[in-house]
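J.: Pasting run04.txt here (compact mmCIF, C-alpha atoms):
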```txt
# COMPACT_ATOMS: atom_id res chain seq x y z
CA MET A 447 0.00 0.00 0.00
CA LYS A 448 1.52 3.29 -1.06
CA LEU A 449 0.84 6.44 0.87
CA SER A 450 1.19 9.94 -0.52
CA ILE A 451 1.73 12.62 2.11
CA PHE A 452 1.33 16.28 1.29
CA ALA A 453 2.27 18.95 3.82
CA LEU A 454 0.13 22.03 3.25
CA ILE A 455 1.64 25.23 4.59
CA ALA A 456 -0.28 28.45 4.92
CA THR A 457 0.09 31.67 6.87
CA ILE A 458 -2.53 33.75 8.64
CA SER A 459 -2.00 37.51 8.69
CA THR A 460 -5.25 38.75 10.28
CA SER A 461 -4.28 40.17 13.66
CA ASN A 462 -7.71 39.48 15.18
CA ALA A 463 -7.01 35.73 14.94
CA PHE A 464 -4.24 35.98 17.50
CA THR A 465 -4.60 36.21 21.26
CA PRO A 466 -1.37 36.45 23.29
CA LEU A 467 -1.17 34.76 26.67
CA ALA A 468 0.21 36.67 29.62
CA SER A 469 3.71 35.42 30.37
CA SER A 470 3.06 35.52 34.11
CA THR A 471 1.08 32.28 33.86
CA ARG A 472 4.07 30.23 32.72
CA PRO A 473 4.99 27.30 35.02
CA SER A 474 8.48 26.95 36.41
CA ALA A 475 10.92 25.36 34.01
CA ALA A 476 12.14 23.19 36.85
CA ALA A 477 8.81 21.43 37.14
CA SER A 478 9.91 18.48 35.04
CA SER A 479 12.85 17.62 37.25
CA SER A 480 11.61 18.62 40.69
CA SER A 481 10.12 16.13 43.14
CA ALA A 482 8.94 18.80 45.57
CA LEU A 483 5.31 17.81 45.08
CA TYR A 484 6.18 14.41 46.51
CA SER A 485 7.38 15.96 49.76
CA THR A 486 4.52 14.66 51.91
CA VAL A 487 5.95 11.18 51.41
CA GLU A 488 9.68 11.75 51.40
CA GLU A 489 11.74 14.58 49.97
CA ALA A 490 13.32 13.21 46.81
CA PRO A 491 16.81 14.28 45.73
CA PRO A 492 16.93 16.79 42.88
CA VAL A 493 17.01 15.16 39.47
CA SER A 494 19.60 16.49 37.03
CA LYS A 495 18.60 17.05 33.42
CA SER A 496 21.03 16.90 30.52
CA THR A 497 19.29 19.74 28.70
CA LYS A 498 18.07 23.11 29.87
CA ALA A 499 14.51 24.33 29.38
CA PRO A 500 14.14 26.32 26.15
CA VAL A 501 13.34 30.02 26.04
CA PHE A 502 9.98 31.09 24.55
CA ASP A 503 8.72 34.54 23.54
CA GLU A 504 5.31 36.11 22.86
CA VAL A 505 4.97 34.39 19.49
CA CYS A 506 5.03 31.02 21.23
CA GLU A 507 2.20 32.13 23.53
CA THR A 508 -0.08 33.45 20.78
CA THR A 509 -3.15 31.43 19.84
CA GLY A 510 -3.59 31.14 16.09
CA VAL A 511 0.11 30.66 15.37
CA THR A 512 0.81 27.65 13.16
CA PHE A 513 2.91 24.77 14.45
CA THR A 514 5.44 25.46 11.71
CA ARG A 515 5.81 29.08 12.84
CA PHE A 516 5.94 28.02 16.49
CA MET A 517 8.83 25.59 15.91
CA SER A 518 10.68 28.10 13.75
CA GLU A 519 10.48 30.65 16.57
CA VAL A 520 11.67 28.08 19.12
CA ALA A 521 14.62 27.20 16.87
CA MET A 522 15.58 30.86 16.44
CA LEU A 523 15.48 31.47 20.21
CA ASN A 524 17.19 28.17 21.08
CA PRO A 525 19.78 27.24 18.42
CA GLU A 526 20.94 24.23 20.43
CA ILE A 527 17.64 22.45 19.71
CA SER A 528 17.07 23.83 16.21
CA GLU A 529 17.31 20.33 14.72
CA LEU A 530 14.10 19.43 16.54
CA THR A 531 12.30 21.60 13.96
CA THR A 532 13.09 19.06 11.23
CA LEU A 533 12.19 16.12 13.46
CA PHE A 534 8.85 17.61 14.48
CA GLY A 535 8.17 18.56 10.89
CA ALA A 536 8.14 14.82 10.15
CA ILE A 537 5.95 14.17 13.20
CA ASP A 538 3.55 16.93 12.14
CA THR A 539 3.17 15.42 8.66
CA SER A 540 2.86 11.87 10.04
CA CYS A 541 0.03 12.84 12.37
CA LYS A 542 -1.85 14.44 9.46
CA ALA A 543 -1.41 11.28 7.40
CA ILE A 544 -2.46 9.00 10.27
CA THR A 545 -5.60 10.99 11.06
CA ASN A 546 -6.65 10.58 7.42
CA LEU A 547 -5.98 6.84 7.60
CA VAL A 548 -8.04 6.53 10.78
CA LYS A 549 -10.92 8.54 9.33
CA ARG A 550 -11.00 6.48 6.15
CA SER A 551 -10.54 3.14 7.92
CA GLN A 552 -14.29 2.52 8.13
CA LEU A 553 -14.73 2.68 4.36
CA PRO A 554 -15.01 -0.75 2.68
CA SER A 555 -12.44 0.31 0.09
CA SER A 556 -9.76 1.16 2.69
CA GLU A 557 -8.99 -2.45 3.70
CA THR A 558 -7.23 -1.17 6.83
CA LEU A 559 -9.56 -2.60 9.50
CA GLY A 560 -9.09 -5.95 11.22
CA TYR A 561 -6.00 -7.89 12.23
CA GLN A 562 -2.74 -8.18 10.35
CA GLY A 563 -2.43 -11.85 11.26
CA GLU A 564 0.80 -11.31 13.21
CA VAL A 565 1.64 -10.94 16.90
CA ASN A 566 4.02 -8.26 18.23
CA VAL A 567 6.74 -8.79 20.82
CA GLN A 568 4.26 -8.18 23.66
CA GLY A 569 2.14 -11.10 22.48
CA GLU A 570 -0.62 -8.78 21.20
CA ASP A 571 -2.42 -9.32 17.91
CA GLN A 572 -1.43 -6.55 15.53
CA LYS A 573 -4.13 -4.56 13.78
CA LYS A 574 -3.51 -3.64 10.14
CA LEU A 575 -3.40 0.03 11.13
CA ASP A 576 -0.76 -0.75 13.80
CA VAL A 577 1.57 -1.98 11.09
CA ILE A 578 0.73 0.75 8.57
CA THR A 579 1.13 3.65 11.02
CA ASN A 580 4.31 2.13 12.45
CA ASP A 581 5.86 1.95 8.98
CA LEU A 582 4.66 5.47 8.16
CA LEU A 583 6.31 6.99 11.23
CA LYS A 584 9.54 5.06 10.72
CA ARG A 585 9.88 6.27 7.16
CA ALA A 586 9.04 9.88 8.01
CA LEU A 587 11.51 10.04 10.89
CA ARG A 588 14.27 8.11 9.16
CA PHE A 589 14.59 10.60 6.30
CA THR A 590 14.88 13.66 8.54
CA GLY A 591 18.60 12.97 8.85
CA LYS A 592 18.34 13.82 12.55
CA LEU A 593 17.75 10.33 13.89
CA GLY A 594 20.19 8.19 15.84
CA VAL A 595 17.95 5.41 17.17
CA LEU A 596 14.26 4.64 16.81
CA ALA A 597 12.19 2.20 18.90
CA SER A 598 8.50 1.37 18.58
CA GLU A 599 5.86 -0.60 20.45
CA GLU A 600 5.30 -2.71 17.34
CA GLU A 601 8.94 -3.76 17.03
CA ASP A 602 11.11 -6.46 18.59
CA GLU A 603 14.83 -5.73 18.59
CA PRO A 604 17.49 -3.61 16.86
CA VAL A 605 18.52 -4.50 13.31
CA ASP A 606 20.41 -2.79 10.50
CA LEU A 607 18.74 0.24 8.91
CA VAL A 608 18.65 -1.40 5.47
CA GLY A 609 16.63 -4.36 6.72
CA ASN A 610 16.95 -8.08 6.28
CA GLU A 611 17.38 -10.08 3.09
CA GLU A 612 13.64 -10.53 2.65
CA GLY A 613 13.20 -6.74 2.73
CA LYS A 614 10.93 -6.83 5.75
CA SER A 615 10.54 -3.75 7.91
CA THR A 616 13.09 -3.25 10.66
CA GLU A 617 12.53 -3.15 14.39
CA VAL A 618 14.83 -0.45 15.73
CA ILE A 619 16.54 1.83 13.26
CA PHE A 620 20.12 3.04 13.62
CA GLU A 621 21.44 6.01 11.67
CA GLU A 622 24.86 7.50 12.16
CA THR A 623 23.87 10.96 10.94
CA ASP A 624 22.67 12.82 13.99
CA LYS A 625 21.68 13.30 17.57
CA TYR A 626 18.21 12.13 18.58
CA VAL A 627 16.60 8.96 19.86
CA VAL A 628 12.88 8.66 19.13
CA VAL A 629 10.51 6.22 20.83
CA PHE A 630 6.83 5.93 19.96
CA ASP A 631 3.57 4.06 20.13
CA PRO A 632 2.26 4.55 16.57
CA LEU A 633 -1.42 3.94 17.29
CA ASP A 634 -2.35 3.86 20.96
CA GLY A 635 -5.81 2.39 21.53
CA SER A 636 -5.84 0.67 18.14
CA SER A 637 -8.34 -1.87 19.50
CA ASN A 638 -10.84 1.02 19.42
CA VAL A 639 -10.45 1.75 15.71
CA ASP A 640 -13.12 -0.65 14.53
CA ALA A 641 -15.62 1.06 16.88
CA GLY A 642 -14.64 4.59 15.79
CA ILE A 643 -13.45 5.57 19.28
CA PRO A 644 -10.52 8.05 19.76
CA THR A 645 -6.98 6.79 19.20
CA GLY A 646 -3.60 8.49 19.31
CA THR A 647 0.15 8.48 18.74
CA ILE A 648 2.69 8.92 21.59
CA ILE A 649 6.23 10.14 20.93
CA GLY A 650 9.29 10.70 23.13
CA VAL A 651 12.59 12.29 22.05
CA TYR A 652 15.93 11.75 23.81
CA GLU A 653 19.44 12.85 22.93
CA HIS A 654 21.54 10.26 21.11
CA ASP A 655 24.99 9.13 22.22
CA GLU A 656 27.28 10.45 19.49
CA ASN A 657 29.74 7.62 20.21
CA CYS A 658 27.21 5.05 19.01
CA ILE A 659 28.48 3.62 15.71
CA VAL A 660 26.93 0.39 14.42
CA ASP A 661 29.60 -2.04 13.24
CA GLY A 662 28.54 -5.49 14.44
CA ALA A 663 26.24 -7.21 16.94
CA GLU A 664 27.99 -5.84 20.02
CA ASP A 665 27.67 -2.28 18.76
CA ILE A 666 23.97 -2.80 18.13
CA ASP A 667 23.51 -3.90 21.73
CA ASN A 668 25.43 -0.86 22.96
CA CYS A 669 23.40 1.49 20.78
CA LEU A 670 20.16 -0.06 21.98
CA ALA A 671 21.07 1.26 25.43
CA ASN A 672 20.45 4.72 23.98
CA THR A 673 16.74 4.01 24.23
CA LEU A 674 17.01 2.86 27.85
CA GLN A 675 16.96 6.31 29.41
CA PRO A 676 14.74 7.61 32.22
CA GLY A 677 12.06 10.18 31.49
CA THR A 678 14.16 12.86 33.15
CA LYS A 679 16.43 12.70 30.07
CA LEU A 680 13.62 13.45 27.62
CA VAL A 681 14.24 16.45 25.37
CA ALA A 682 10.65 16.53 24.12
CA ALA A 683 7.42 14.56 24.25
CA ALA A 684 4.24 14.79 22.24
CA TYR A 685 1.03 13.01 21.43
CA CYS A 686 -1.48 13.27 18.61
CA LEU A 687 -5.14 12.57 19.36
CA TYR A 688 -7.42 11.49 16.51
CA SER A 689 -10.95 12.34 17.58
CA SER A 690 -13.63 14.95 16.75
CA SER A 691 -10.63 17.15 15.97
CA THR A 692 -7.00 16.17 15.55
CA PHE A 693 -4.77 17.50 18.34
CA LEU A 694 -1.00 17.72 18.62
CA VAL A 695 0.12 18.29 22.21
CA LEU A 696 3.78 19.07 22.83
CA THR A 697 6.28 19.81 25.56
CA LEU A 698 9.89 20.83 25.05
CA GLY A 699 10.51 21.05 28.80
CA ASN A 700 8.97 24.48 29.34
CA GLY A 701 5.20 24.01 29.53
CA VAL A 702 2.60 22.17 27.45
CA TYR A 703 1.23 23.51 24.16
CA MET A 704 -1.88 22.20 22.43
CA PHE A 705 -2.39 22.53 18.67
CA THR A 706 -5.56 21.72 16.71
CA LEU A 707 -5.53 20.72 13.06
CA ASP A 708 -7.28 23.19 10.77
CA GLU A 709 -8.13 20.91 7.86
CA GLN A 710 -9.00 23.82 5.57
CA ILE A 711 -5.41 25.03 5.50
CA GLY A 712 -3.74 21.75 6.46
CA GLU A 713 -1.91 23.20 9.48
CA PHE A 714 -1.87 22.61 13.21
CA ILE A 715 -2.88 25.87 14.94
CA LEU A 716 -1.95 26.78 18.53
CA SER A 717 -5.25 26.59 20.41
CA LYS A 718 -4.15 26.31 24.06
CA PRO A 719 -0.76 27.73 25.12
CA ASN A 720 0.64 26.75 28.51
CA VAL A 721 -1.91 24.06 29.40
CA GLN A 722 -2.32 23.66 33.18
CA ILE A 723 -4.17 20.75 34.78
CA PRO A 724 -6.42 21.63 37.77
CA ASP A 725 -4.85 20.79 41.15
CA SER A 726 -7.81 18.55 42.00
CA SER A 727 -10.91 17.26 40.22
CA PRO A 728 -13.43 14.54 41.15
CA ILE A 729 -13.02 12.49 37.97
CA ILE A 730 -11.32 9.10 37.73
CA SER A 731 -10.48 7.06 34.63
CA PHE A 732 -9.62 3.44 35.52
CA ASN A 733 -10.68 -0.01 34.45
CA GLU A 734 -12.63 -0.50 37.67
CA ALA A 735 -13.54 -4.06 36.75
CA ASN A 736 -10.07 -4.89 38.10
CA ILE A 737 -10.42 -3.04 41.41
CA GLU A 738 -10.47 -6.17 43.58
CA LYS A 739 -7.19 -7.27 41.96
CA TRP A 740 -5.33 -4.03 42.77
CA ASP A 741 -2.89 -3.36 45.60
CA GLU A 742 -4.71 -2.52 48.84
CA PRO A 743 -3.55 1.16 48.93
CA MET A 744 -4.80 1.73 45.37
CA LYS A 745 -8.04 -0.14 45.96
CA ASN A 746 -8.82 1.67 49.21
CA THR A 747 -8.07 5.11 47.74
CA VAL A 748 -10.37 4.63 44.75
CA LYS A 749 -13.14 3.21 46.95
CA ALA A 750 -12.83 6.25 49.25
CA TRP A 751 -13.08 8.56 46.24
CA ARG A 752 -16.21 6.84 45.01
CA GLU A 753 -17.80 7.03 48.48
CA GLY A 754 -16.82 10.65 49.05
CA THR A 755 -14.60 9.82 52.04
CA GLY A 756 -11.26 10.76 50.45
CA ALA A 757 -9.10 13.75 51.32
CA SER A 758 -11.23 16.20 49.30
CA GLY A 759 -14.51 14.96 50.77
CA GLN A 760 -16.01 14.93 47.28
CA ARG A 761 -17.64 11.92 45.62
CA TYR A 762 -15.65 11.16 42.48
CA SER A 763 -17.30 10.13 39.24
CA SER A 764 -15.92 7.37 37.08
CA ARG A 765 -15.51 8.51 33.49
CA TYR A 766 -15.97 6.05 30.67
CA ILE A 767 -16.39 7.81 27.33
CA GLY A 768 -18.94 10.26 28.67
CA SER A 769 -20.93 10.22 25.45
CA MET A 770 -24.05 8.06 25.34
CA VAL A 771 -23.63 7.35 21.64
CA GLY A 772 -19.99 6.37 22.08
CA ASP A 773 -20.64 4.14 25.07
CA VAL A 774 -23.66 2.38 23.57
CA HIS A 775 -21.63 1.89 20.37
CA ARG A 776 -18.96 0.07 22.41
CA THR A 777 -21.49 -2.04 24.45
CA PRO A 778 -20.59 -2.37 28.16
CA GLY A 779 -20.73 -5.64 30.15
CA TRP A 780 -20.84 -7.16 33.65
CA LYS A 781 -17.87 -6.70 35.97
CA THR A 782 -18.24 -9.58 38.41
CA GLY A 783 -18.19 -12.55 36.06
CA THR A 784 -21.46 -13.84 37.52
CA GLY A 785 -23.61 -13.18 34.45
CA LYS A 786 -24.95 -15.85 32.11
CA SER A 787 -21.73 -15.99 30.12
CA GLY A 788 -19.61 -16.52 33.24
CA GLU A 789 -16.99 -14.17 31.85
CA THR A 790 -15.52 -11.17 33.68
CA PHE A 791 -16.16 -8.07 31.59
CA SER A 792 -13.93 -4.99 31.42
CA SER A 793 -15.19 -1.62 32.62
CA ARG A 794 -14.24 0.66 29.77
CA TYR A 795 -13.35 4.30 30.16
CA ILE A 796 -12.04 5.38 26.76
CA GLY A 797 -9.58 2.51 26.55
CA SER A 798 -6.97 4.70 24.86
CA MET A 799 -4.28 6.25 27.04
CA VAL A 800 -4.03 9.30 24.79
CA GLY A 801 -7.79 9.95 24.95
CA ASP A 802 -8.00 9.54 28.72
CA VAL A 803 -4.89 11.60 29.47
CA HIS A 804 -6.03 14.34 27.08
CA ARG A 805 -9.33 14.69 28.91
CA THR A 806 -7.56 14.52 32.29
CA LEU A 807 -5.20 17.34 31.22
CA LEU A 808 -8.14 19.57 30.34
CA TYR A 809 -10.57 18.77 33.16
CA GLY A 810 -8.34 17.35 35.89
CA GLY A 811 -8.75 14.15 37.88
CA VAL A 812 -6.81 10.90 37.74
CA PHE A 813 -6.04 8.42 34.98
CA GLY A 814 -4.50 5.12 35.96
CA TYR A 815 -3.64 1.59 34.97
CA PRO A 816 -2.41 0.13 38.28
CA ALA A 817 -0.70 -3.19 38.81
CA ASP A 818 -3.04 -6.08 39.58
CA THR A 819 -2.79 -9.79 40.28
CA LYS A 820 -2.76 -10.57 36.56
CA ASN A 821 -0.40 -7.78 35.47
CA THR A 822 1.89 -7.48 38.49
CA SER A 823 4.19 -4.99 36.72
CA GLY A 824 1.34 -3.01 35.22
CA LYS A 825 0.32 -3.05 31.57
CA LEU A 826 1.46 0.25 30.05
CA ARG A 827 4.96 0.41 28.57
CA LEU A 828 7.41 2.70 30.33
CA LEU A 829 9.58 3.83 27.44
CA TYR A 830 7.10 4.97 24.82
CA GLU A 831 3.88 5.40 26.83
CA GLY A 832 4.61 6.04 30.50
CA ALA A 833 7.64 8.33 30.31
CA PRO A 834 6.52 10.66 27.47
CA MET A 835 2.99 11.07 28.87
CA SER A 836 4.40 11.60 32.38
CA PHE A 837 6.68 14.34 31.02
CA ILE A 838 3.68 16.09 29.50
CA MET A 839 1.60 15.64 32.68
CA GLU A 840 4.32 17.04 34.95
CA GLN A 841 4.95 19.98 32.62
CA ALA A 842 1.24 20.79 32.93
CA GLY A 843 1.52 20.84 36.74
CA GLY A 844 0.37 17.29 37.46
CA LEU A 845 2.01 14.20 38.91
CA SER A 846 2.73 10.70 37.62
CA THR A 847 3.62 7.77 39.84
CA THR A 848 3.64 4.00 40.11
CA GLY A 849 2.35 4.48 43.64
CA THR A 850 5.82 4.14 45.14
CA GLN A 851 8.06 5.78 42.54
CA ARG A 852 8.03 8.76 40.20
CA VAL A 853 7.58 7.35 36.69
CA MET A 854 10.01 9.89 35.20
CA GLU A 855 12.84 8.60 37.38
CA ILE A 856 12.63 4.93 36.35
CA THR A 857 15.41 3.74 34.04
CA PRO A 858 14.10 1.01 31.70
CA GLU A 859 15.89 -2.32 31.79
CA ILE A 860 14.34 -3.50 28.53
CA VAL A 861 12.66 -1.65 25.65
CA HIS A 862 9.19 -3.06 26.30
CA GLN A 863 9.24 -2.84 30.12
CA ARG A 864 5.82 -2.34 31.72
CA VAL A 865 5.01 -0.24 34.78
CA PRO A 866 1.92 0.63 36.86
CA ILE A 867 0.88 4.23 36.20
CA VAL A 868 -1.32 6.72 38.04
CA MET A 869 -1.22 10.29 36.73
CA GLY A 870 -3.26 13.47 36.88
CA SER A 871 -4.10 16.33 39.26
CA LYS A 872 -1.33 16.74 41.82
CA ASN A 873 -3.52 16.71 44.95
CA ASP A 874 -5.35 13.57 43.87
CA VAL A 875 -2.26 11.66 42.78
CA GLN A 876 -0.53 12.74 45.98
CA GLU A 877 -3.31 10.99 47.89
CA VAL A 878 -2.36 7.73 46.13
CA ILE A 879 1.33 8.27 46.92
CA ASP A 880 0.50 8.92 50.58
CA ALA A 881 -1.62 5.76 50.76
CA TYR A 882 1.26 3.61 49.48
CA ALA A 883 3.70 5.33 51.86
CA ALA A 884 1.38 4.69 54.82
CA ALA A 885 0.99 1.03 53.85
CA THR A 886 4.76 0.62 53.57
CA ALA A 887 5.29 2.27 56.96
CA GLU A 888 2.69 -0.01 58.54
CA LYS A 889 4.38 -3.12 57.12
CA GLU A 890 7.75 -1.98 58.44
CA LEU A 891 6.22 -1.31 61.84
CA VAL A 892 4.70 -4.82 61.96
CA ALA A 893 7.96 -6.37 60.79
CA ASN A 894 9.87 -4.70 63.60
```
So, in terms of structure tokens, how does the structure I just supplied come out?

T.:
Amino acid sequence: MKLSIFALIATISTSNAFTPLASSTRPSAAASSSSALYSTVEEAPPVSKSTKAPVFDEVCETTGVTFTRFMSEVAMLNPEISELTTLFGAIDTSCKAITNLVKRSQLPSSETLGYQGEVNVQGEDQKKLDVITNDLLKRALRFTGKLGVLASEEEDEPVDLVGNEEGKSTEVIFEETDKYVVVFDPLDGSSNVDAGIPTGTIIGVYEHDENCIVDGAEDIDNCLANTLQPGTKLVAAAYCLYSSSTFLVLTLGNGVYMFTLDEQIGEFILSKPNVQIPDSSPIISFNEANIEKWDEPMKNTVKAWREGTGASGQRYSSRYIGSMVGDVHRTPGWKTGTGKSGETFSSRYIGSMVGDVHRTLLYGGVFGYPADTKNTSGKLRLLYEGAPMSFIMEQAGGLSTTGTQRVMEITPEIVHQRVPIVMGSKNDVQEVIDAYAAATAEKELVAN
């Protein structure tokens, strides 16, 4: 299947279309590396970052500015990260192409729905769109000339850039030309595509070790370690959400910026500069069918929220899709496994991390996929889901934790490592952290 991608660039000169944001609302640039918000548990040591937060000016705070113009301004103000402009140009174009693929997937002529007939390294059946979007992103990023290493959810292990003898697509790409490592989930929530529910793409960008030169199996293993970096080393993170509109949400380490695709001109337009998540909000997005399988601190905290006996005293609502049409279209089921079928049904929120986190960013609350008795290490992948989304959440003033550890501070041991994740409004997530700390203290007290 051949894909033609056209990047349409236009400029808007009408001054009434622009609304500058007061610079006084900007969050501290140190937010991504500080653990001060975790202080009620234990003061964490300061986390060093290899890159400094970029400098922005009024152009970067002006709604109506195109993404192309935004990145050009960032590059001019911060020459040390100017090469990100080329990299994000490829990401911009890829997201436009993917949103068109997703929109057309329901047409009989598209032949993009259903399963590919293969299983990825996580043991998950691959959808056709998983494979197509993965290949699309790899090609777009490869030809920027700025890529050192690339790793994807849909791939297994590092191989040569050229590919194998059969010409099959590669798993992790190595290029000796430049300085960035890119990790991504090409189509998060792809199981929702057939039902027309929101999906997304998650991307993380790290700096590449310039000493990495591929010349044999040992070098490949050494270069693979470039992807095994903690979230505190991220240079940038972004996600694209394919829904009623197409959104591109970005952080370069100095706040979160939300762009919306204007399909008439083919450009992402800055719609929300400096996104800030509310400190607290009575909304939770979990698969609550698994609540009895969670750790006791997590289970007790969520039950207290639902009963209105948590720290805020408010009764929290559980958010599924929140649209009657969308939820009926998905068809919910029984949670206890005591129905006629005897099966335990999932309680579905959106079922796409990008969709749930996007709503949490805007309205506050908590999104989580905790560890349970079946998935003792959690289910979301650290490298290309947990770390990039945690970077965005923290830059927006929220928190992200496993319950006992800041997600951003975990160094992956393998590319596809899974972790429990709870992220969202800082006061609400802090309540989860405190619950785990109290449980640990109680165990230590009993042990002594």

J.: If we count only C-alpha atoms and set the cut-off at 9 Å, which residues sit around stretch 687-692 of chain A, ignoring sequence neighbours fewer than 2 positions away in its own chain? Please answer as a list in words.

T.: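 Surrounding residues, per the criterion: Cys541, Lys542, Ile544, Thr545, Val548, Lys549, Gly642, Ile643, Pro644, Thr645, Gly646, Thr647, Ile648, Tyr685, Leu694, Val695, Phe705, Thr706, Leu707, Asp708, Phe714, Val800, Gly801 and His804 of chain A.
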
J.: Choose the residue, out of A:Thr850, A:Thr514, A:Ser555, A:Thr532, that has the smallest atom-to-atom separation from A:Ala884; count all atoms listed in the file.

T.: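 Between A:Thr850, A:Thr514, A:Ser555, A:Thr532, the residue approaching A:Ala884 most closely is A:Thr850.
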
J.: Take the point (-1.5, 9.4, 34.3) in the file's coordinates, draw a sphere of radius 12 Å around it, and report as a count of residues only every protein, DNA or RNA residue with an atom inside or on it, counting all atoms listed in the file.

T.: 54

J.: State, in Å with one decimal place, the distance from atom CA of A:Arg761 to atom CA of A:Pro728.

T.: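 Rounded to one decimal, the two atoms are 6.7 Å apart.
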
J.: Between atom CA of A:Glu738 and atom CA of A:Ala885, what is the spacing in Å?

T.: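 Value for the atom CA of A:Ala885-atom CA of A:Glu738 distance: 17.0 Å.
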
J.: Compare A:Gln760, A:Thr531, A:Pro500, A:Ala683 by their minimum atom-to-atom distance to A:Arg515, counting only C-alpha atoms, and give me the closest one.

T.: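 Closest to A:Arg515, using only C-alpha atoms: A:Thr531.
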
J.: Atom CA of A:Pro676 to atom CA of A:Ala817: how many Å, to one decimal?

T.: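 The value is 20.0 Å.
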
J.: Choose the residue, out of A:Ser717, A:Asn580, A:Thr886, A:Ser518, that has the smallest atom-to-atom separation from A:Asp631; count all atoms listed in the file.

T.: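 Looking at the shortest contact to A:Asp631, the residue is A:Asn580.
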
J.: Which is closest to A:Glu713 among A:Glu519, A:Asp538, A:Glu742, A:Glu557, if we use only C-alpha atoms?

T.: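 Ranking A:Glu519, A:Asp538, A:Glu742, A:Glu557 by distance to A:Glu713, first place goes to A:Asp538.
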
J.: From the set A:Ala757, A:Lys739, A:Val892, A:Tyr882, which residue has the shortest atom-to-atom contact distance to A:Thr819, counting all atoms listed in the file?

T.: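 Comparing A:Ala757, A:Lys739, A:Val892, A:Tyr882 against A:Thr819, the winner is A:Lys739.
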
J.: With all atoms listed in the file as the basis for distance, which of A:Tyr652, A:Phe693, A:Tyr703, A:Trp751 is at the shortest distance from A:Glu507?

T.: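 Comparing A:Tyr652, A:Phe693, A:Tyr703, A:Trp751 against A:Glu507, the winner is A:Tyr703.
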
J.: How big is the axis-aligned box around the listed atoms of stretch 644-656 of chain A once 3 Å is added on each side, and where is its centre? Give both in Å to one decimal, as AutoDock Vina command-line options.

T.:
```
--center_x 8.4 --center_y 9.8 --center_z 21.3 --size_x 43.8 --size_y 12.1 --size_z 11.1
```

J.: When you look at A:Thr579 with a cut-off of 10 Å (counting all atoms listed in the file), what residues show up, excluding the ones that are within fewer than 2 positions of it in the same chain? I need them as a list in words.

T.: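 In the requested form, the answer reads Ser540, Cys541, Ala543, Ile544, Thr545, Leu547, Val548, Lys574, Leu575, Asp576, Val577, Asp581, Leu582, Leu583, Lys584, Arg585, Glu600, Asp631, Pro632, Leu633 and Thr647 of chain A.
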
J.: Neighbouring residues of A:Leu523 were defined as those with any atom within 9 Å, considering all atoms listed in the file; residues of the same chain fewer than 2 positions away were excluded. Please report them as a PyMOL selection string.

T.: chain A and resi 500-503+518-521+525+528
